[in-house]
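*Asks:* The file below is my_file.txt, compact mmCIF, C-alpha atoms:
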# COMPACT_ATOMS: atom_id res chain seq x y z
CA MET A 572 -64.76 -4.31 -27.54
CA ASN A 573 -64.21 -4.84 -23.85
CA ALA A 574 -64.00 -7.74 -21.42
CA ARG A 575 -63.21 -10.51 -23.92
CA ARG A 576 -59.53 -11.00 -24.63
CA LEU A 577 -58.38 -11.65 -28.17
CA SER A 578 -56.93 -15.01 -29.01
CA CYS A 579 -53.63 -15.33 -30.90
CA GLU A 580 -55.56 -16.47 -34.00
CA GLU A 581 -57.73 -13.37 -33.88
CA VAL A 582 -54.70 -11.12 -33.52
CA ILE A 583 -52.92 -12.77 -36.46
CA GLU A 584 -56.12 -12.54 -38.50
CA GLU A 585 -56.23 -8.77 -37.95
CA LEU A 586 -52.47 -8.20 -37.93
CA PHE A 587 -52.08 -6.69 -41.40
CA ALA A 588 -55.13 -4.47 -41.02
CA TYR A 589 -53.67 -3.38 -37.65
CA LEU A 590 -50.28 -2.59 -39.23
CA ASP A 591 -52.09 -0.72 -42.02
CA ARG A 592 -53.96 1.28 -39.32
CA GLU A 593 -57.24 0.00 -40.68
CA VAL A 594 -58.74 -1.31 -37.45
CA ASN A 595 -60.78 0.84 -35.12
CA GLU A 596 -59.24 2.36 -32.00
CA ALA A 597 -60.75 -0.17 -29.60
CA LEU A 598 -59.46 -3.15 -31.57
CA SER A 599 -56.10 -1.48 -32.07
CA ALA A 600 -55.75 -0.96 -28.31
CA GLU A 601 -56.80 -4.57 -27.72
CA ILE A 602 -54.14 -5.81 -30.13
CA ASP A 603 -51.55 -3.53 -28.50
CA ARG A 604 -52.37 -5.12 -25.14
CA HIS A 605 -52.10 -8.61 -26.60
CA LEU A 606 -48.75 -7.85 -28.21
CA GLU A 607 -47.39 -6.56 -24.93
CA LYS A 608 -48.00 -9.94 -23.34
CA CYS A 609 -47.68 -12.50 -26.10
CA ARG A 610 -44.13 -13.16 -27.23
CA ASP A 611 -45.15 -15.23 -30.28
CA CYS A 612 -47.55 -12.64 -31.67
CA PHE A 613 -45.16 -9.81 -30.82
CA THR A 614 -42.35 -11.54 -32.75
CA ARG A 615 -44.66 -12.13 -35.68
CA ALA A 616 -45.82 -8.49 -35.62
CA GLN A 617 -42.22 -7.27 -35.53
CA PHE A 618 -41.33 -9.45 -38.49
CA GLU A 619 -44.28 -8.22 -40.57
CA ARG A 620 -43.58 -4.62 -39.57
CA LYS A 621 -39.94 -4.86 -40.67
CA LEU A 622 -40.82 -6.62 -43.90
CA ARG A 623 -43.43 -3.96 -44.60
CA ALA A 624 -40.82 -1.23 -44.04
CA LYS A 625 -38.51 -2.97 -46.50
CA VAL A 626 -41.29 -3.10 -49.08
CA ALA A 627 -41.81 0.65 -48.59
CA GLU A 628 -38.12 1.21 -49.31
CA THR A 629 -38.40 -0.40 -52.73
CA ALA A 630 -39.51 2.97 -54.11
CA ASN A 631 -36.19 4.54 -53.09
CA VAL A 632 -34.69 4.56 -56.54
CA SER A 633 -32.64 7.25 -58.28
CA ALA A 634 -34.40 8.81 -61.22
CA PRO A 635 -32.36 8.42 -64.41
CA GLU A 636 -30.60 11.47 -65.85
CA ARG A 637 -32.72 11.14 -68.97
CA LEU A 638 -35.90 11.66 -66.94
CA GLN A 639 -34.45 14.67 -65.17
CA ARG A 640 -33.65 16.28 -68.52
CA ARG A 641 -37.12 15.44 -69.79
CA ILE A 642 -38.80 17.04 -66.75
CA LYS A 643 -36.67 20.13 -67.15
CA ALA A 644 -37.86 20.38 -70.73
CA VAL A 645 -41.49 19.97 -69.61
CA LEU A 646 -41.14 22.82 -67.14
CA GLU A 647 -39.40 25.08 -69.63
CA ARG A 648 -42.10 24.51 -72.22
CA TYR A 649 -44.66 26.44 -70.21
CA MET B 1101 -59.19 30.57 -68.73
CA ILE B 1102 -58.91 34.35 -68.97
CA ALA B 1103 -56.23 36.76 -70.01
CA TRP B 1104 -55.77 40.30 -68.92
CA PRO B 1105 -53.26 43.07 -69.56
CA MET B 1106 -50.27 43.10 -67.28
CA ALA B 1107 -47.81 45.87 -66.51
CA HIS B 1108 -46.71 47.61 -69.72
CA HIS B 1109 -46.05 45.14 -72.47
CA MET B 1110 -46.64 41.67 -71.00
CA ARG B 1111 -49.70 39.50 -71.08
CA PHE B 1112 -50.18 36.93 -68.41
CA THR B 1113 -52.59 34.04 -68.66
CA ILE B 1114 -54.41 32.85 -65.61
CA HIS B 1115 -56.42 29.67 -65.37
CA SER B 1116 -58.66 30.52 -62.50
CA PRO B 1117 -61.27 33.22 -63.21
CA GLY B 1118 -61.92 33.68 -59.50
CA ALA B 1119 -58.40 34.85 -58.90
CA VAL B 1120 -58.96 38.48 -59.92
CA ARG B 1121 -60.83 40.92 -57.74
CA ARG B 1122 -62.60 43.28 -60.06
CA LEU B 1123 -63.68 46.91 -59.71
CA HIS B 1124 -66.89 48.12 -61.32
CA ASP B 1125 -66.97 51.69 -62.57
CA GLY B 1126 -70.32 53.01 -61.54
CA GLY B 1127 -72.64 50.86 -63.60
CA SER B 1128 -70.97 51.29 -66.99
CA GLY B 1129 -70.34 47.59 -67.08
CA VAL B 1130 -66.61 48.03 -67.68
CA VAL B 1131 -64.63 45.79 -65.40
CA MET B 1132 -61.15 46.87 -64.36
CA PRO B 1133 -58.61 44.70 -62.59
CA ASP B 1134 -57.41 45.88 -59.22
CA PRO B 1135 -53.64 46.49 -59.73
CA HIS B 1136 -52.72 45.80 -56.09
CA SER B 1137 -54.67 42.63 -55.95
CA ASP B 1138 -53.23 41.57 -59.32
CA LYS B 1139 -49.70 42.13 -58.11
CA GLN B 1140 -50.32 40.08 -54.98
CA GLU B 1141 -51.90 37.36 -57.05
CA ILE B 1142 -48.97 37.29 -59.46
CA ASN B 1143 -46.51 37.12 -56.58
CA ARG B 1144 -48.47 34.29 -55.06
CA ARG B 1145 -48.44 32.43 -58.36
CA GLN B 1146 -44.74 32.94 -58.85
CA GLN B 1147 -44.10 31.58 -55.37
CA THR B 1148 -46.29 28.56 -56.05
CA ARG B 1149 -44.46 27.89 -59.29
CA ARG B 1150 -41.09 28.15 -57.60
CA LEU B 1151 -42.31 25.79 -54.91
CA PHE B 1152 -43.58 23.45 -57.61
CA GLU B 1153 -40.18 23.27 -59.27
CA GLN B 1154 -38.47 22.70 -55.93
CA GLU B 1155 -40.93 19.99 -54.94
CA VAL B 1156 -40.68 18.20 -58.28
CA SER B 1157 -36.93 18.22 -57.96
CA ARG B 1158 -37.04 17.01 -54.33
CA LEU B 1159 -39.57 14.27 -55.06
CA MET B 1160 -38.24 13.18 -58.44
CA ASP B 1161 -36.56 10.00 -57.17
CA ARG B 1162 -39.57 8.92 -55.15
CA LEU B 1163 -42.02 9.73 -57.94
CA TYR B 1164 -39.93 7.67 -60.31
CA GLY B 1165 -39.40 4.86 -57.78
CA THR B 1166 -43.13 4.64 -57.09
CA ALA B 1167 -43.96 4.68 -60.79
CA LEU B 1168 -41.36 1.96 -61.34
CA ARG B 1169 -42.92 -0.26 -58.69
CA LEU B 1170 -46.36 0.32 -60.21
CA THR B 1171 -45.35 -0.29 -63.81
CA ARG B 1172 -42.32 -2.63 -63.42
CA ASN B 1173 -40.80 -0.94 -66.44
CA SER B 1174 -38.38 2.00 -66.50
CA ASP B 1175 -39.65 3.46 -69.80
CA ASP B 1176 -43.27 3.37 -68.62
CA ALA B 1177 -42.25 4.79 -65.25
CA GLU B 1178 -40.48 7.71 -66.94
CA ASP B 1179 -43.52 8.37 -69.14
CA ILE B 1180 -45.80 8.41 -66.13
CA VAL B 1181 -43.61 10.80 -64.16
CA ALA B 1182 -43.25 13.13 -67.16
CA GLU B 1183 -47.01 13.07 -67.73
CA THR B 1184 -47.63 13.66 -64.02
CA VAL B 1185 -45.39 16.73 -63.93
CA SER B 1186 -46.94 18.04 -67.11
CA ARG B 1187 -50.50 17.59 -65.82
CA ALA B 1188 -49.64 19.04 -62.43
CA TRP B 1189 -47.98 22.06 -64.01
CA THR B 1190 -51.00 22.88 -66.14
CA ARG B 1191 -53.33 22.42 -63.17
CA LEU B 1192 -51.25 24.27 -60.65
CA ASP B 1193 -53.98 26.83 -60.18
CA GLN B 1194 -56.27 24.10 -58.89
CA LEU B 1195 -53.97 23.44 -55.97
CA ARG B 1196 -55.49 25.40 -53.11
CA ASP B 1197 -52.85 24.72 -50.50
CA PRO B 1198 -49.29 24.68 -51.86
CA GLN B 1199 -48.16 22.97 -48.65
CA ARG B 1200 -50.06 19.90 -49.80
CA MET B 1201 -48.20 19.68 -53.06
CA GLU B 1202 -46.52 16.36 -52.29
CA GLY B 1203 -49.76 14.43 -51.72
CA TRP B 1204 -51.30 16.18 -54.71
CA LEU B 1205 -48.41 15.17 -57.00
CA PHE B 1206 -48.62 11.54 -55.90
CA ARG B 1207 -52.40 11.55 -56.43
CA ILE B 1208 -51.85 12.77 -59.99
CA LEU B 1209 -49.16 10.12 -60.48
CA ASN B 1210 -51.51 7.37 -59.29
CA ASN B 1211 -54.39 8.63 -61.42
CA THR B 1212 -52.10 8.84 -64.44
CA PHE B 1213 -50.94 5.28 -63.84
CA VAL B 1214 -54.48 3.94 -63.33
CA SER B 1215 -55.79 5.59 -66.54
CA GLU B 1216 -52.90 4.17 -68.53
CA TRP B 1217 -53.29 0.76 -66.91
CA ARG B 1218 -57.01 0.65 -67.77
CA ARG B 1219 -56.32 1.80 -71.32
CA GLN B 1220 -53.78 -0.98 -71.81
CA GLN B 1221 -56.10 -3.56 -70.32
CA SER B 1222 -58.96 -2.62 -72.62
CA ARG B 1223 -56.62 -2.50 -75.61
CA ARG B 1224 -55.32 -5.95 -74.86
CA ARG B 1225 -58.88 -7.03 -74.11
CA ILE B 1226 -57.65 -8.61 -70.94
CA GLU B 1227 -60.38 -8.84 -68.40
CA ALA B 1228 -58.29 -8.38 -65.32
CA ASN B 1229 -60.59 -10.37 -63.18
CA ALA B 1230 -58.08 -10.58 -60.43
CA GLU B 1231 -60.64 -11.73 -57.90
CA ASP B 1232 -61.25 -15.01 -59.70
CA VAL B 1233 -59.54 -17.65 -57.68
CA ASP B 1234 -56.74 -19.24 -59.60
CA PRO B 1235 -57.59 -22.93 -59.72
CA ALA B 1236 -53.92 -23.73 -59.23
CA GLU B 1237 -53.77 -21.66 -56.07
CA SER B 1238 -53.83 -23.93 -53.06
CA PRO B 1239 -55.17 -22.77 -49.69
CA GLU B 1240 -51.57 -22.99 -48.49
CA ALA B 1241 -50.48 -20.49 -51.18
CA ALA B 1242 -53.35 -18.13 -50.36
CA ASN B 1243 -52.33 -18.10 -46.70
CA PHE B 1244 -48.58 -18.40 -47.16
CA SER B 1245 -46.59 -16.93 -44.29
CA LEU B 1246 -42.88 -16.38 -44.53
CA PHE B 1247 -42.72 -15.98 -40.75
CA GLN B 1248 -44.20 -19.41 -40.19
CA LYS B 1249 -41.66 -20.91 -42.56
CA LEU B 1250 -38.76 -19.25 -40.82
CA HIS B 1251 -39.74 -19.04 -37.19
CA GLN B 1252 -38.30 -21.50 -34.72
CA PRO B 1253 -39.95 -20.93 -31.36
CA PHE B 1254 -37.12 -22.38 -29.30
CA LEU B 1255 -34.70 -19.71 -30.54
CA LEU B 1256 -35.12 -16.46 -28.65
CA TRP B 1257 -33.47 -13.08 -28.29
CA TRP B 1258 -30.62 -13.30 -30.76
CA GLY B 1259 -29.92 -14.70 -34.16
CA THR B 1260 -33.46 -15.81 -34.94
CA PRO B 1261 -33.83 -17.12 -38.51
CA GLU B 1262 -36.47 -14.53 -39.37
CA ASP B 1263 -34.22 -11.66 -38.28
CA GLN B 1264 -31.34 -13.16 -40.18
CA PHE B 1265 -33.56 -13.51 -43.22
CA LEU B 1266 -34.59 -9.85 -43.05
CA ASN B 1267 -30.98 -8.78 -42.64
CA GLU B 1268 -29.96 -10.75 -45.70
CA LEU B 1269 -32.87 -9.48 -47.75
CA LEU B 1270 -31.71 -7.07 -50.42
CA GLN B 1271 -33.80 -4.36 -52.05
CA GLU B 1272 -33.22 -6.19 -55.28
CA ASP B 1273 -34.79 -9.38 -53.84
CA LEU B 1274 -37.89 -7.46 -52.82
CA GLN B 1275 -38.18 -5.61 -56.10
CA LYS B 1276 -37.87 -8.88 -57.98
CA ALA B 1277 -40.49 -10.58 -55.81
CA LEU B 1278 -42.89 -7.62 -56.13
CA ASP B 1279 -42.46 -7.66 -59.89
CA THR B 1280 -43.61 -11.28 -60.06
CA LEU B 1281 -47.05 -10.35 -58.70
CA PRO B 1282 -49.96 -9.89 -61.09
CA ASP B 1283 -50.78 -6.20 -61.60
CA ALA B 1284 -53.88 -6.00 -59.42
CA PHE B 1285 -52.10 -7.43 -56.38
CA ARG B 1286 -48.87 -5.51 -56.86
CA VAL B 1287 -50.69 -2.21 -57.29
CA ALA B 1288 -52.67 -2.72 -54.07
CA ILE B 1289 -49.48 -3.44 -52.14
CA VAL B 1290 -47.61 -0.48 -53.62
CA LEU B 1291 -50.47 1.90 -52.83
CA VAL B 1292 -50.83 0.73 -49.23
CA GLU B 1293 -47.32 -0.25 -48.18
CA VAL B 1294 -45.22 2.11 -50.28
CA GLN B 1295 -47.51 5.11 -50.43
CA GLY B 1296 -49.49 4.69 -47.21
CA TYR B 1297 -52.90 4.87 -48.85
CA THR B 1298 -55.89 3.81 -46.77
CA TYR B 1299 -58.02 0.92 -48.04
CA ASP B 1300 -60.78 3.38 -48.76
CA GLU B 1301 -58.50 5.58 -50.86
CA VAL B 1302 -57.35 2.54 -52.84
CA ALA B 1303 -60.96 1.45 -53.39
CA ARG B 1304 -61.85 4.91 -54.70
CA LEU B 1305 -58.78 5.22 -56.89
CA LEU B 1306 -59.25 1.81 -58.48
CA ASP B 1307 -63.04 2.01 -58.40
CA VAL B 1308 -63.43 -1.36 -56.70
CA PRO B 1309 -65.27 -2.38 -53.51
CA LEU B 1310 -63.44 -2.24 -50.18
CA GLY B 1311 -63.63 -6.03 -49.86
CA THR B 1312 -61.75 -6.35 -53.14
CA VAL B 1313 -58.95 -4.17 -51.78
CA ARG B 1314 -58.72 -6.33 -48.65
CA SER B 1315 -58.69 -9.52 -50.66
CA ARG B 1316 -56.07 -8.25 -53.13
CA LEU B 1317 -53.85 -7.16 -50.27
CA SER B 1318 -54.20 -10.42 -48.42
CA ARG B 1319 -53.52 -12.59 -51.44
CA GLY B 1320 -50.87 -10.23 -52.77
CA ARG B 1321 -48.96 -10.37 -49.49
CA ALA B 1322 -49.14 -14.16 -49.42
CA MET B 1323 -47.85 -14.26 -53.01
CA LEU B 1324 -45.07 -11.81 -52.21
CA GLN B 1325 -43.94 -13.80 -49.20
CA LYS B 1326 -44.06 -17.04 -51.18
CA ALA B 1327 -41.98 -15.47 -53.95
CA LEU B 1328 -39.43 -14.27 -51.36
CA TRP B 1329 -39.31 -17.75 -49.82
CA GLU B 1330 -38.74 -19.38 -53.19
CA GLN B 1331 -36.04 -16.85 -54.08
CA ALA B 1332 -34.36 -17.51 -50.74
CA ILE B 1333 -34.33 -21.25 -51.47
CA GLU B 1334 -32.88 -20.60 -54.92
CA ALA B 1335 -30.18 -18.37 -53.41
CA GLY B 1336 -29.35 -20.98 -50.79
CA LEU B 1337 -30.30 -18.66 -47.92
CA VAL B 1338 -32.71 -21.18 -46.47
CA ALA B 1339 -32.89 -24.93 -46.77
CA PRO B 1340 -35.47 -26.30 -49.19
CA PRO B 1341 -38.35 -28.25 -47.66
CA PRO B 1342 -37.63 -31.98 -47.30
CA ASP B 1343 -39.82 -33.00 -50.24
CA ARG B 1344 -37.56 -30.98 -52.53
CA THR B 1345 -34.35 -32.64 -51.38
CA PRO B 1346 -33.12 -34.46 -54.47
CA THR B 1347 -31.95 -37.61 -52.72
CA GLU B 1348 -34.99 -38.12 -50.58
CA GLY B 1349 -37.19 -41.08 -51.34
CA LYS B 1350 -34.85 -42.51 -53.92
CA SER B 1351 -33.72 -46.06 -53.54
CA PRO B 1352 -30.05 -46.74 -54.18
Using structure tokens, write down the structure that the file contains.
*Replies:*
Amino acid sequence: MNARRLSCEEVIEELFAYLDREVNEALSAEIDRHLEKCRDCFTRAQFERKLRAKVAETANVSAPERLQRRIKAVLERY
Amino acid sequence: MIAWPMAHHMRFTIHSPGAVRRLHDGGSGVVMPDPHSDKQEINRRQQTRRLFEQEVSRLMDRLYGTALRLTRNSDDAEDIVAETVSRAWTRLDQLRDPQRMEGWLFRILNNTFVSEWRRQQSRRRIEANAEDVDPAESPEAANFSLFQKLHQPFLLWWGTPEDQFLNELLQEDLQKALDTLPDAFRVAIVLVEVQGYTYDEVARLLDVPLGTVRSRLSRGRAMLQKALWEQAIEAGLVAPPPDRTPTEGKSP
């Protein structure tokens, strides 16, 4: 993965895998370099990154009291 | 599972036979527990159990939140968390490194969800052939990008529509959009984006090929973004596309 520069289309194609840390180190470094220079792709990457973080936050929910009592009962049973 | 006499009157049950170092008394075949080793072992177990209770309490909200995103239903989510804690508690002796309890608990949660999900699918006789392309799904839907809908290249540095959109986006909007996704796609997104699973871990958990995980994620993300876009139009956060403007194309 050297010499040839990635096109914007190639970066966008791999963007989610890159954000998921599912591309190899060489490709990841290549995408990093592209994002440092390409405003459009950088803006897109930032948007997807922020949206992804917001999706991750959807699991931040308070457990209902009823569940807490139920778990307490489970632990006391043993 | 073995049981052995403990100090004075108590009996303590241990699940792992390898946990007791035994002393042999000169070939008679009688095996005696080593009291020092037993005491250390019991202390270790008590510490692990205390840690378990602390961890369950610390992670309760996140366990429930994750289960809720997986199941979309608060009753099912509660059942899964209760079952997870119960299973984890009875298998506590299998946990080699108590410092890894968090990952271990979430693995049990995911496995519990997947078993229940499969059971429900087979009961309903629904062949969840999520990889079949929906004939109604246009190439535009499969590649839908919220960014492309929002982005206006001539606006730079401040107040870009996509930033504004993200700022306006409520947790409730995202939860609602996620809940509209078919199970297979939602589960892939929750595992990767909420729980940080690798594609390989998802493939192993769901027992599907790696390519299926990639395809579910790609289509699931497009569906999620499309659902968010449609919700934003409904809420009046963004203007509907011209072909949806009621007056357009109508002659007076």
*Asks:* Write out as a Markdown table the residues of chain A that have any atom within 8 Å of an atom of chain B, one row each with the nearest atom pair and its distance in Å to one decimal, counting all atoms listed in the file, sorted by chain and then rising number.
*Replies:*
| residue | atom | partner | partner_atom | distance |
| --- | --- | --- | --- | --- |
| A:Asp591 | CA | B:Val1292 | CA | 7.5 |
| A:Glu593 | CA | B:Thr1298 | CA | 7.3 |
| A:Asp611 | CA | B:Pro1253 | CA | 7.8 |
| A:Arg615 | CA | B:Phe1247 | CA | 6.7 |
| A:Phe618 | CA | B:Phe1247 | CA | 7.0 |
| A:Glu619 | CA | B:Phe1247 | CA | 7.9 |
| A:Lys621 | CA | B:Leu1266 | CA | 7.7 |
| A:Leu622 | CA | B:Leu1266 | CA | 7.1 |
| A:Arg623 | CA | B:Glu1293 | CA | 6.5 |
| A:Ala624 | CA | B:Glu1293 | CA | 7.8 |
| A:Lys625 | CA | B:Gln1271 | CA | 7.4 |
| A:Val626 | CA | B:Val1294 | CA | 6.6 |
| A:Ala627 | CA | B:Val1294 | CA | 4.1 |
| A:Glu628 | CA | B:Val1294 | CA | 7.2 |
| A:Thr629 | CA | B:Gln1271 | CA | 6.1 |
| A:Ala630 | CA | B:Gly1165 | CA | 4.1 |
| A:Asn631 | CA | B:Gly1165 | CA | 5.7 |
| A:Val632 | CA | B:Gly1165 | CA | 4.9 |
| A:Ser633 | CA | B:Asp1161 | CA | 4.9 |
| A:Ala634 | CA | B:Asp1161 | CA | 4.7 |
| A:Leu638 | CA | B:Glu1178 | CA | 6.0 |
| A:Gln639 | CA | B:Met1160 | CA | 7.9 |
| A:Arg641 | CA | B:Ala1182 | CA | 7.1 |
| A:Ile642 | CA | B:Ala1182 | CA | 5.9 |
| A:Val645 | CA | B:Ser1186 | CA | 6.3 |
| A:Leu646 | CA | B:Ser1186 | CA | 7.5 |
*Asks:* What's the 8 Å shell around region 575-579 of chain A, counting all atoms listed in the file, without same-chain residues fewer than 5 positions away, as a list in words?
*Replies:*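 Everything that qualifies: Glu601, Ile602, His605 and Cys612 of chain A.
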*Asks:* Just how far from CA of Gln617 (chain A) is CA of Pro1340 (chain B), in Å to one decimal?
*Replies:*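 Value for the CA of Pro1340 (chain B)-CA of Gln617 (chain A) distance: 24.4 Å.
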*Asks:* Would you compute the distance between CA of Val1308 (chain B) and CA of Asn1243 (chain B)? Give it in Å to one decimal.
*Replies:* 22.4 Å
*Asks:* In Å to one decimal, how far is CA of Leu1195 (chain B) from CA of Lys1139 (chain B)?
*Replies:*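 Going from CA of Lys1139 (chain B) over to CA of Leu1195 (chain B), I get 19.3 Å.
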*Asks:* Could you pull the residues within 12 Å of Arg1316 (chain B), counting all atoms listed in the file, minus those fewer than 3 positions along the same chain, as a PyMOL selection string?
*Replies:* chain B and resi 1229-1233+1242+1281-1292+1299+1302-1303+1306+1308-1313+1319-1324
*Asks:* Considering only C-alpha atoms, state which residue in the set A:Lys643, A:Asp603, A:Arg637, A:Glu596 is at the smallest distance from Ala616 (chain A).
*Replies:* A:Asp603
*Asks:* Nearest to Ala588 (chain A): which of B:Ser1315, B:Gln1194, B:Ser1222, B:Thr1212 is it, counting all atoms listed in the file?
*Replies:*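 Under the stated criterion, the closest residue is B:Ser1315.
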*Asks:* With distances taken over only C-alpha atoms, which residue among B:Leu1305, B:Ile1142, B:Ala1241, B:Leu1250 lies nearest Leu1209 (chain B)?
*Replies:*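 Among the listed residues, the smallest separation from Leu1209 (chain B) belongs to B:Leu1305.
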*Asks:* Let me make sure I understand: among A:Ala600, A:Phe613, A:Pro635, A:Lys608, which one has the smallest atom-to-atom distance to Ile583 (chain A) if we use only C-alpha atoms?
*Replies:*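 The answer is A:Phe613, which sits nearest to Ile583 (chain A).
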